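A.B. asks: What follows is the file input32.txt, containing compact mmCIF, C-alpha atoms:
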```txt
# COMPACT_ATOMS: atom_id res chain seq x y z
CA MET A 1 9.30 51.75 26.62
CA LEU A 2 11.83 52.63 29.31
CA ASP A 3 13.90 49.58 28.29
CA TYR A 4 14.31 50.94 24.76
CA ILE A 5 15.39 54.35 26.06
CA ALA A 6 17.97 52.69 28.35
CA LEU A 7 19.21 50.54 25.46
CA GLY A 8 19.51 53.63 23.24
CA LEU A 9 21.47 55.46 25.93
CA MET A 10 23.83 52.50 26.36
CA ILE A 11 24.47 52.31 22.62
CA PHE A 12 25.03 56.07 22.48
CA ALA A 13 27.45 55.90 25.44
CA ALA A 14 29.36 53.01 23.79
CA LEU A 15 29.69 54.96 20.53
CA VAL A 16 30.87 58.10 22.36
CA MET A 17 33.45 56.08 24.34
CA PHE A 18 34.70 54.46 21.13
CA TYR A 19 35.06 57.86 19.45
CA LEU A 20 36.84 59.36 22.49
CA ILE A 21 39.36 56.52 22.61
CA ILE A 22 40.14 56.97 18.90
CA ALA A 23 40.37 60.77 19.27
CA LEU A 24 42.59 60.43 22.34
CA HIS A 25 45.06 58.23 20.49
CA ASP A 26 45.28 60.73 17.64
CA ILE A 27 46.45 63.58 19.90
CA PRO A 28 50.20 62.82 19.48
CA TYR A 29 49.71 62.62 15.71
CA GLU A 30 47.89 65.95 15.67
CA ILE A 31 50.72 67.53 17.70
CA ALA A 32 53.29 66.05 15.28
CA LYS A 33 51.33 67.29 12.27
CA HIS A 34 51.02 70.78 13.75
CA ARG A 35 54.78 70.93 14.43
CA ASN A 36 55.65 69.48 11.00
CA HIS A 37 57.44 66.57 12.69
CA PRO A 38 59.57 64.45 10.32
CA HIS A 39 58.22 61.24 11.90
CA GLN A 40 54.53 62.13 11.96
CA ASP A 41 53.50 59.02 10.00
CA ALA A 42 55.38 56.75 12.40
CA ILE A 43 53.74 58.50 15.35
CA HIS A 44 50.33 58.01 13.75
CA VAL A 45 50.90 54.28 13.20
CA ALA A 46 52.33 53.87 16.69
CA GLY A 47 49.19 55.53 18.05
CA TRP A 48 47.10 52.78 16.48
CA VAL A 49 49.51 50.13 17.74
CA SER A 50 49.14 51.58 21.24
CA LEU A 51 45.49 50.53 21.14
CA LEU A 52 46.68 46.93 20.90
CA THR A 53 49.33 47.33 23.61
CA LEU A 54 46.80 48.56 26.16
CA HIS A 55 47.98 52.17 25.84
CA ILE A 56 51.43 51.47 27.33
CA ILE A 57 53.35 53.37 24.63
CA TRP A 58 50.94 56.30 24.32
CA PRO A 59 52.77 58.61 26.81
CA PHE A 60 56.03 57.99 24.93
CA LEU A 61 54.30 58.98 21.69
CA TRP A 62 53.19 62.22 23.31
CA ILE A 63 56.78 62.95 24.38
CA TRP A 64 58.13 61.98 20.96
CA ALA A 65 55.67 64.30 19.22
CA THR A 66 56.30 67.27 21.51
CA LEU A 67 60.12 67.12 21.46
CA TYR A 68 60.41 68.36 17.87
CA ARG A 69 59.96 71.97 16.74
CA GLU A 70 60.56 72.98 13.15
CA GLU A 71 62.63 76.06 13.97
CA ARG A 72 65.06 74.28 16.32
CA GLY A 73 64.69 70.57 15.58
CA TYR A 74 64.94 68.40 18.65
CA GLY A 75 66.97 71.06 20.48
CA PHE A 76 69.77 68.76 21.58
CA GLY A 77 72.95 70.60 20.64
CA SER A 78 72.36 72.26 17.31
CA GLY A 79 76.04 73.27 17.10
CA ARG A 80 75.21 76.96 17.29
CA GLY A 81 75.65 77.48 21.01
CA TRP A 82 78.50 78.92 23.06
CA SER A 83 80.41 75.67 22.70
CA ASP A 84 81.14 76.54 19.08
CA GLU A 85 84.77 77.70 19.14
CA LEU A 86 84.60 79.41 15.76
CA GLU A 87 81.71 81.58 16.89
CA ILE A 88 83.56 82.50 20.10
CA ARG A 89 86.63 83.48 18.09
CA ARG A 90 84.55 85.65 15.76
CA LEU A 91 82.93 87.39 18.71
CA ALA A 92 86.33 87.97 20.37
CA GLU A 93 87.67 89.50 17.16
CA ARG A 94 84.60 91.68 16.90
CA VAL A 95 85.03 92.90 20.48
CA GLU A 96 88.70 93.64 19.85
CA ALA A 97 87.82 95.61 16.71
CA LEU A 98 85.21 97.61 18.61
CA GLU A 99 87.63 98.31 21.45
CA ALA A 100 90.28 99.46 18.96
CA ARG A 101 87.72 101.68 17.27
CA LEU A 102 86.74 103.25 20.59
CA GLY A 103 90.36 103.64 21.64
CA LEU A 104 90.07 101.39 24.68
CA GLY A 105 93.20 99.74 25.95
CA ALA A 106 93.32 96.97 28.52
CA PRO A 107 90.15 96.10 30.43
CA PRO A 108 89.64 97.69 33.87
CA GLU A 109 91.39 96.05 36.81
CA ASP A 110 88.18 94.69 38.35
CA LEU A 111 87.29 92.74 35.18
CA PRO A 112 89.29 89.73 34.01
CA ALA A 113 90.73 89.92 30.50
CA ASP A 114 88.97 86.77 29.26
CA ARG A 115 85.58 86.18 30.81
CA GLY A 116 84.71 83.25 28.53
CA PRO A 117 81.26 82.12 27.38
CA SER A 118 79.83 81.87 30.88
CA GLY A 119 80.47 85.53 31.57
CA GLY A 120 83.03 84.82 34.29
CA ARG A 121 80.59 82.69 36.28
CA SER A 122 81.30 79.12 37.22
```
Take the structure from the file and write it as structure tokens.
C.D. replies:
Amino acid sequence: MLDYIALGLMIFAALVMFYLIIALHDIPYEIAKHRNHPHQDAIHVAGWVSLLTLHIIWPFLWIWATLYREERGYGFGSGRGWSDELEIRRLAERVEALEARLGLGAPPEDLPADRGPSGGRS
């Protein structure tokens, strides 16, 4: 009787381990699906391939899935930062218009005339 209980527990443990391995390899896909990643199908397939490659590529899939956010993309230079010269020019014109409206002349002596995008810090 005890042998059958032990056999049942071993089969149950094997099934749970199998399910956990499958669920673990779907985590990057679930992250990609939640973030509406444009490569979510490729991440899902690569998750299955990682089962065959002894889980070597799985951490890279996690990184690949978490890099993307729908509102900012991959976040590597969207062209809307301070490096955009057109945006800097528009802001400078806006500041000049506000200064003219307020009747301000030259900036005070302790402030440089052009502080730049870094705010005068190096």
A.B. asks: Range 47-52 of chain A, all listed atoms, 3 Å padding on each side: what axis-aligned box centre and edge lengths in Å to one decimal come out, as lines of an AutoDock Vina configuration file?
C.D. replies:
```
center_x = 47.5
center_y = 51.2
center_z = 18.9
size_x = 10.0
size_y = 14.6
size_z = 10.8
```
A.B. asks: One decimal, Å: what's the distance from CA of Ala32 in chain A over to CA of Trp64 in chain A, could you say?
C.D. replies: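 Spanning CA of Ala32 in chain A to CA of Trp64 in chain A is a straight-line distance of 8.5 Å.
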A.B. asks: Find the spatial neighbours of Ala46 in chain A, counting all atoms listed in the file, within a cut-off of 9 Å - ignore same-chain residues fewer than 4 positions away - and output them as a list in words.
C.D. replies: Asp41, Ala42, Ser50, Leu51, Ile57, Trp58 and Leu61 of chain A
A.B. asks: CA of Ile22 in chain A and CA of Leu7 in chain A, how far apart in Å?
C.D. replies: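 Computing the Euclidean distance for CA of Leu7 in chain A and CA of Ile22 in chain A yields 22.9 Å.
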A.B. asks: How many Å lie between CA of Thr53 in chain A and CA of Leu9 in chain A, rounded to one decimal?
C.D. replies: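 Taking CA of Thr53 in chain A and CA of Leu9 in chain A, their separation equals 29.1 Å.
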A.B. asks: What lies within 12 Å of Leu67 in chain A using only C-alpha atoms, ignoring chain neighbours under 5 positions off, as a count of residues only?
C.D. replies: 16
A.B. asks: From the options A:Arg89, A:His44, A:Arg101, A:His34, which residue's atoms come nearest to Tyr68 in chain A, counting all atoms listed in the file?
C.D. replies: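 Residue with the minimum atom-to-atom distance to Tyr68 in chain A: A:His34.
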A.B. asks: Using all atoms listed in the file, which residue out of A:Trp48, A:Phe12, A:Phe18, A:Tyr29 lies closest to Thr66 in chain A?
C.D. replies: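 Closest candidate: A:Tyr29.
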A.B. asks: From the options A:Leu52, A:Leu2, A:Ala65, A:Ala100, which residue's atoms come nearest to Asp26 in chain A, counting only C-alpha atoms?
C.D. replies: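 Selected residue with least distance to Asp26 in chain A: A:Ala65.
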